[in-house]
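Next up, protein-v1.txt (compact mmCIF, N, CA and C atoms):
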```
# COMPACT_ATOMS: atom_id res chain seq x y z
N MET L 931 174.81 12.21 80.74
CA MET L 931 176.15 12.70 80.97
C MET L 931 176.39 14.00 80.19
N LEU L 932 176.00 14.01 78.93
CA LEU L 932 176.18 15.21 78.12
C LEU L 932 175.35 16.37 78.67
N ILE L 933 174.13 16.07 79.10
CA ILE L 933 173.27 17.11 79.65
C ILE L 933 173.89 17.69 80.92
N ALA L 934 174.41 16.83 81.77
CA ALA L 934 175.04 17.30 83.01
C ALA L 934 176.24 18.20 82.70
N LYS L 935 177.05 17.81 81.70
CA LYS L 935 178.21 18.63 81.33
C LYS L 935 177.78 19.98 80.78
N ALA L 936 176.71 19.98 79.97
CA ALA L 936 176.21 21.24 79.43
C ALA L 936 175.73 22.15 80.56
N HIS L 937 174.97 21.60 81.48
CA HIS L 937 174.47 22.40 82.60
C HIS L 937 175.62 22.92 83.46
N LYS L 938 176.62 22.09 83.68
CA LYS L 938 177.77 22.51 84.49
C LYS L 938 178.50 23.68 83.83
N SER L 939 178.45 23.72 82.50
CA SER L 939 179.10 24.80 81.75
C SER L 939 178.19 26.01 81.58
N GLY L 940 176.99 25.94 82.16
CA GLY L 940 176.06 27.06 82.06
C GLY L 940 175.26 27.10 80.77
N VAL L 941 175.23 25.99 80.06
CA VAL L 941 174.49 25.93 78.79
C VAL L 941 173.10 25.35 79.06
N GLY L 942 172.08 26.05 78.61
CA GLY L 942 170.70 25.56 78.72
C GLY L 942 170.38 24.70 77.51
N LEU L 943 169.54 23.71 77.71
CA LEU L 943 169.18 22.78 76.63
C LEU L 943 167.66 22.70 76.49
N TYR L 944 167.23 22.47 75.26
CA TYR L 944 165.81 22.26 74.97
C TYR L 944 165.65 20.94 74.24
N ALA L 945 164.63 20.20 74.58
CA ALA L 945 164.30 18.97 73.85
C ALA L 945 163.46 19.36 72.65
N ASP L 946 163.82 18.90 71.49
CA ASP L 946 163.08 19.17 70.26
C ASP L 946 162.68 17.82 69.68
N MET L 947 161.45 17.39 70.01
CA MET L 947 160.99 16.06 69.61
C MET L 947 159.63 16.15 68.93
N VAL L 948 159.39 15.23 68.05
CA VAL L 948 158.07 15.06 67.47
C VAL L 948 157.54 13.73 67.99
N ILE L 949 156.68 13.82 68.97
CA ILE L 949 156.11 12.60 69.56
C ILE L 949 154.68 12.50 69.05
N ASN L 950 154.55 12.06 67.85
CA ASN L 950 153.24 12.02 67.24
C ASN L 950 152.97 10.72 66.52
N HIS L 951 153.97 10.15 65.88
CA HIS L 951 153.79 8.92 65.14
C HIS L 951 154.54 7.80 65.85
N ASN L 952 154.01 6.61 65.76
CA ASN L 952 154.66 5.44 66.34
C ASN L 952 154.81 4.39 65.27
N GLY L 953 156.01 3.89 65.08
CA GLY L 953 156.26 2.79 64.18
C GLY L 953 156.61 1.54 64.97
N GLY L 954 156.54 0.41 64.32
CA GLY L 954 156.96 -0.83 64.96
C GLY L 954 155.91 -1.46 65.84
N GLY L 955 154.63 -1.26 65.50
CA GLY L 955 153.56 -1.89 66.27
C GLY L 955 153.68 -3.40 66.24
N ASP L 956 153.14 -4.02 67.26
CA ASP L 956 153.20 -5.48 67.36
C ASP L 956 152.20 -6.18 66.45
N GLU L 957 151.09 -5.51 66.19
CA GLU L 957 150.10 -6.09 65.28
C GLU L 957 149.15 -5.02 64.76
N GLU L 958 148.53 -5.35 63.65
CA GLU L 958 147.51 -4.48 63.07
C GLU L 958 146.19 -4.74 63.78
N GLU L 959 145.37 -3.71 63.81
CA GLU L 959 144.02 -3.89 64.35
C GLU L 959 143.09 -2.91 63.64
N VAL L 960 141.83 -3.24 63.65
CA VAL L 960 140.83 -2.38 63.01
C VAL L 960 140.31 -1.39 64.04
N ASN L 961 140.32 -0.12 63.65
CA ASN L 961 139.73 0.92 64.49
C ASN L 961 138.23 0.91 64.19
N PRO L 962 137.39 0.58 65.17
CA PRO L 962 135.95 0.48 64.90
C PRO L 962 135.28 1.82 64.57
N LEU L 963 135.96 2.93 64.83
CA LEU L 963 135.37 4.23 64.53
C LEU L 963 135.36 4.54 63.04
N ASP L 964 136.33 4.00 62.30
CA ASP L 964 136.36 4.26 60.86
C ASP L 964 136.55 3.00 60.02
N GLY L 965 136.72 1.84 60.67
CA GLY L 965 136.86 0.59 59.95
C GLY L 965 138.22 0.38 59.29
N GLU L 966 139.18 1.28 59.54
CA GLU L 966 140.50 1.18 58.93
C GLU L 966 141.43 0.30 59.76
N LYS L 967 142.26 -0.45 59.07
CA LYS L 967 143.24 -1.32 59.73
C LYS L 967 144.58 -0.60 59.78
N ARG L 968 145.16 -0.55 60.98
CA ARG L 968 146.44 0.15 61.17
C ARG L 968 147.31 -0.62 62.16
N TRP L 969 148.61 -0.35 62.13
CA TRP L 969 149.56 -0.92 63.09
C TRP L 969 149.52 -0.09 64.36
N THR L 970 148.53 -0.32 65.21
CA THR L 970 148.35 0.49 66.41
C THR L 970 148.37 -0.32 67.70
N LYS L 971 148.62 -1.60 67.61
CA LYS L 971 148.67 -2.45 68.82
C LYS L 971 150.12 -2.58 69.27
N PHE L 972 150.43 -2.01 70.44
CA PHE L 972 151.79 -2.02 70.99
C PHE L 972 151.76 -2.69 72.36
N ASN L 973 152.57 -3.73 72.53
CA ASN L 973 152.72 -4.43 73.81
C ASN L 973 154.20 -4.42 74.19
N PRO L 974 154.72 -3.27 74.65
CA PRO L 974 156.16 -3.20 74.96
C PRO L 974 156.55 -4.16 76.09
N LYS L 975 157.69 -4.79 75.93
CA LYS L 975 158.18 -5.73 76.95
C LYS L 975 158.39 -5.04 78.29
N SER L 976 158.69 -3.75 78.25
CA SER L 976 158.88 -2.99 79.49
C SER L 976 157.57 -2.78 80.24
N GLY L 977 156.46 -2.92 79.52
CA GLY L 977 155.16 -2.64 80.12
C GLY L 977 154.84 -1.16 80.17
N ILE L 978 155.76 -0.33 79.69
CA ILE L 978 155.56 1.12 79.71
C ILE L 978 154.80 1.56 78.46
N PHE L 979 153.67 2.18 78.68
CA PHE L 979 152.82 2.75 77.63
C PHE L 979 152.35 1.75 76.58
N PRO L 980 151.69 0.66 77.01
CA PRO L 980 151.03 -0.19 76.02
C PRO L 980 149.92 0.63 75.38
N ARG L 981 149.67 0.43 74.11
CA ARG L 981 148.65 1.22 73.43
C ARG L 981 147.96 0.42 72.34
N ASP L 982 146.79 0.94 71.99
CA ASP L 982 146.00 0.33 70.93
C ASP L 982 145.30 1.45 70.17
N TYR L 983 144.33 1.09 69.34
CA TYR L 983 143.68 2.08 68.48
C TYR L 983 143.09 3.24 69.28
N ASN L 984 142.74 3.03 70.55
CA ASN L 984 142.17 4.11 71.37
C ASN L 984 143.14 5.26 71.60
N HIS L 985 144.42 5.00 71.40
CA HIS L 985 145.45 6.01 71.67
C HIS L 985 145.82 6.82 70.41
N PHE L 986 145.16 6.52 69.30
CA PHE L 986 145.48 7.15 68.03
C PHE L 986 144.24 7.80 67.42
N HIS L 987 144.43 8.64 66.42
CA HIS L 987 143.31 9.23 65.68
C HIS L 987 142.80 8.24 64.66
N PRO L 988 141.50 8.22 64.40
CA PRO L 988 140.46 8.86 65.20
C PRO L 988 140.23 8.05 66.48
N SER L 989 139.78 8.75 67.52
CA SER L 989 139.53 8.08 68.80
C SER L 989 138.27 8.67 69.42
N ARG L 990 137.88 8.11 70.54
CA ARG L 990 136.69 8.64 71.22
C ARG L 990 136.95 10.03 71.79
N TYR L 991 138.22 10.42 71.89
CA TYR L 991 138.57 11.73 72.43
C TYR L 991 138.63 12.79 71.34
N GLU L 992 138.89 12.37 70.12
CA GLU L 992 138.97 13.31 69.00
C GLU L 992 138.84 12.49 67.72
N ARG L 993 137.75 12.69 67.04
CA ARG L 993 137.46 11.85 65.87
C ARG L 993 137.99 12.41 64.56
N MET L 994 138.45 13.63 64.59
CA MET L 994 138.93 14.21 63.33
C MET L 994 140.16 13.45 62.82
N ILE L 995 140.30 13.43 61.53
CA ILE L 995 141.50 12.88 60.91
C ILE L 995 142.47 14.03 60.78
N VAL L 996 143.66 13.84 61.30
CA VAL L 996 144.66 14.90 61.33
C VAL L 996 145.37 14.97 59.99
N GLU L 997 145.68 16.19 59.54
CA GLU L 997 146.41 16.38 58.30
C GLU L 997 147.73 15.61 58.37
N GLY L 998 148.07 14.93 57.30
CA GLY L 998 149.29 14.14 57.28
C GLY L 998 149.14 12.80 57.98
N GLU L 999 147.91 12.38 58.19
CA GLU L 999 147.61 11.14 58.91
C GLU L 999 148.36 9.94 58.34
N LYS L 1000 148.54 9.91 57.07
CA LYS L 1000 149.14 8.75 56.43
C LYS L 1000 150.66 8.85 56.30
N LEU L 1001 151.30 9.74 57.03
CA LEU L 1001 152.75 9.90 56.96
C LEU L 1001 153.42 8.56 57.24
N CYS L 1002 154.02 7.98 56.25
CA CYS L 1002 154.69 6.69 56.36
C CYS L 1002 153.76 5.60 56.88
N GLY L 1003 152.46 5.81 56.82
CA GLY L 1003 151.50 4.82 57.27
C GLY L 1003 151.26 4.79 58.77
N TYR L 1004 151.84 5.73 59.50
CA TYR L 1004 151.69 5.74 60.95
C TYR L 1004 150.65 6.77 61.37
N PRO L 1005 149.63 6.36 62.11
CA PRO L 1005 148.62 7.33 62.56
C PRO L 1005 149.17 8.21 63.67
N HIS L 1006 148.55 9.34 63.85
CA HIS L 1006 148.93 10.27 64.90
C HIS L 1006 148.43 9.77 66.25
N LEU L 1007 149.25 9.93 67.28
CA LEU L 1007 148.78 9.72 68.64
C LEU L 1007 147.74 10.79 68.97
N CYS L 1008 146.74 10.43 69.74
CA CYS L 1008 145.72 11.39 70.15
C CYS L 1008 146.11 11.93 71.52
N HIS L 1009 146.67 13.14 71.54
CA HIS L 1009 147.14 13.74 72.78
C HIS L 1009 146.02 14.18 73.70
N ARG L 1010 144.77 14.14 73.23
CA ARG L 1010 143.63 14.45 74.09
C ARG L 1010 143.25 13.25 74.96
N ASN L 1011 143.76 12.07 74.62
CA ASN L 1011 143.55 10.89 75.45
C ASN L 1011 144.41 11.07 76.70
N PRO L 1012 143.81 11.03 77.91
CA PRO L 1012 144.58 11.25 79.14
C PRO L 1012 145.76 10.29 79.30
N GLU L 1013 145.64 9.06 78.81
CA GLU L 1013 146.74 8.10 78.92
C GLU L 1013 147.92 8.53 78.05
N VAL L 1014 147.63 9.03 76.85
CA VAL L 1014 148.69 9.51 75.96
C VAL L 1014 149.35 10.74 76.58
N TYR L 1015 148.54 11.67 77.05
CA TYR L 1015 149.07 12.89 77.66
C TYR L 1015 150.00 12.54 78.82
N ALA L 1016 149.56 11.65 79.69
CA ALA L 1016 150.37 11.26 80.86
C ALA L 1016 151.66 10.59 80.43
N ALA L 1017 151.59 9.72 79.43
CA ALA L 1017 152.80 9.02 78.96
C ALA L 1017 153.80 10.01 78.35
N MET L 1018 153.33 11.00 77.61
CA MET L 1018 154.21 11.98 77.01
C MET L 1018 154.82 12.87 78.10
N TYR L 1019 154.06 13.15 79.12
CA TYR L 1019 154.57 13.98 80.23
C TYR L 1019 155.68 13.25 80.98
N ARG L 1020 155.46 11.92 81.17
CA ARG L 1020 156.49 11.12 81.86
C ARG L 1020 157.74 11.07 81.03
```
Let's see the structure in the file written out as structure tokens.
Amino acid sequence: MLIAKAHKSGVGLYADMVINHNGGGDEEEVNPLDGEKRWTKFNPKSGIFPRDYNHFHPSRYERMIVEGEKLCGYPHLCHRNPEVYAAMYR
């Protein structure tokens, strides 16, 4: 509603989001690439974008550890994973 009102008034809007960390995982799991245990198992009731360690760093798509990896204990999503990229685009 607010976006529609802004557009009607000729105001352009930009989304400013950081879609990199995910909190509130359903369970911890071990990433076999580095042996570390993290909260990376997500089974949303909506069924939209379920994810596991494959969707986070390190992954088979990018094994590097990203700077700030331990921010609040949440690993970075791996945007090189096609499933992550598609979910962020949606």
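Atom C of Arg968 (chain L) is positioned 20.6 Å from CA of Tyr1015 (chain L).
Separating CA of Asn1011 (chain L) from atom N of Tyr944 (chain L) is a distance of 26.4 Å.
Nearest residue to Pro962 (chain L), choosing from L:Asn984, L:Asn950, L:Ser939, L:Ser976 and counting all atoms listed in the file: L:Asn984.
Taking chain L and asking which residues DSSP calls strand (DSSP E) on the backbone, you get Glu957, Glu958, Glu959, Val960, Lys967, Arg968, Trp969, Thr970 and Lys971 of chain L.
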Query raised in the report: When you draw a straight line from CA of Glu957 (chain L) to CA of Pro980 (chain L), how long is it in Å?
Result: 12.3 Å
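Secondary structure from DSSP on the backbone puts helix (DSSP H, G or I) at the following positions of chain L: L:Leu932, L:Ile933, L:Ala934, L:Lys935, L:Ala936, L:His937, L:Lys938, L:Tyr983, L:Asn984, L:His985, L:Leu1001, L:Cys1002, L:Gly1003, L:Pro1012, L:Glu1013, L:Val1014, L:Tyr1015, L:Ala1016, L:Ala1017, L:Met1018, L:Tyr1019.
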Next, dump the selected residues to file, keeping only N, CA and C atoms, as a CSV table (one decimal), in the coordinates of the input.
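Saved result, again_0.csv, follows:
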```
chain,number,residue,atom,x,y,z
L,932,LEU,N,176.0,14.0,78.9
L,932,LEU,CA,176.2,15.2,78.1
L,932,LEU,C,175.4,16.4,78.7
L,933,ILE,N,174.1,16.1,79.1
L,933,ILE,CA,173.3,17.1,79.6
L,933,ILE,C,173.9,17.7,80.9
L,934,ALA,N,174.4,16.8,81.8
L,934,ALA,CA,175.0,17.3,83.0
L,934,ALA,C,176.2,18.2,82.7
L,935,LYS,N,177.0,17.8,81.7
L,935,LYS,CA,178.2,18.6,81.3
L,935,LYS,C,177.8,20.0,80.8
L,936,ALA,N,176.7,20.0,80.0
L,936,ALA,CA,176.2,21.2,79.4
L,936,ALA,C,175.7,22.2,80.6
L,937,HIS,N,175.0,21.6,81.5
L,937,HIS,CA,174.5,22.4,82.6
L,937,HIS,C,175.6,22.9,83.5
L,938,LYS,N,176.6,22.1,83.7
L,938,LYS,CA,177.8,22.5,84.5
L,938,LYS,C,178.5,23.7,83.8
L,983,TYR,N,144.3,1.1,69.3
L,983,TYR,CA,143.7,2.1,68.5
L,983,TYR,C,143.1,3.2,69.3
L,984,ASN,N,142.7,3.0,70.6
L,984,ASN,CA,142.2,4.1,71.4
L,984,ASN,C,143.1,5.3,71.6
L,985,HIS,N,144.4,5.0,71.4
L,985,HIS,CA,145.4,6.0,71.7
L,985,HIS,C,145.8,6.8,70.4
L,1001,LEU,N,151.3,9.7,57.0
L,1001,LEU,CA,152.8,9.9,57.0
L,1001,LEU,C,153.4,8.6,57.2
L,1002,CYS,N,154.0,8.0,56.2
L,1002,CYS,CA,154.7,6.7,56.4
L,1002,CYS,C,153.8,5.6,56.9
L,1003,GLY,N,152.5,5.8,56.8
L,1003,GLY,CA,151.5,4.8,57.3
L,1003,GLY,C,151.3,4.8,58.8
L,1012,PRO,N,143.8,11.0,77.9
L,1012,PRO,CA,144.6,11.2,79.1
L,1012,PRO,C,145.8,10.3,79.3
L,1013,GLU,N,145.6,9.1,78.8
L,1013,GLU,CA,146.7,8.1,78.9
L,1013,GLU,C,147.9,8.5,78.0
L,1014,VAL,N,147.6,9.0,76.8
L,1014,VAL,CA,148.7,9.5,76.0
L,1014,VAL,C,149.4,10.7,76.6
L,1015,TYR,N,148.5,11.7,77.0
L,1015,TYR,CA,149.1,12.9,77.7
L,1015,TYR,C,150.0,12.5,78.8
L,1016,ALA,N,149.6,11.6,79.7
L,1016,ALA,CA,150.4,11.3,80.9
L,1016,ALA,C,151.7,10.6,80.4
L,1017,ALA,N,151.6,9.7,79.4
L,1017,ALA,CA,152.8,9.0,79.0
L,1017,ALA,C,153.8,10.0,78.4
L,1018,MET,N,153.3,11.0,77.6
L,1018,MET,CA,154.2,12.0,77.0
L,1018,MET,C,154.8,12.9,78.1
L,1019,TYR,N,154.1,13.2,79.1
L,1019,TYR,CA,154.6,14.0,80.2
L,1019,TYR,C,155.7,13.2,81.0
```
Query raised in the report: Which one of L:Arg993, L:Asp946, L:Gly954, L:Arg981 sits closest to Glu1013 (chain L) if you count only C-alpha atoms?
Result: L:Arg981
Using all atoms of region 972-980 of chain L that appear in the file, construct an axis-aligned enclosing box with 3 Å of padding on every side and provide its centre coordinates and edge lengths in Å, rounded to one decimal, as JSON.
```
{"center_x": 154.4, "center_y": -1.5, "center_z": 75.3, "size_x": 15.0, "size_y": 14.5, "size_z": 15.8}
```
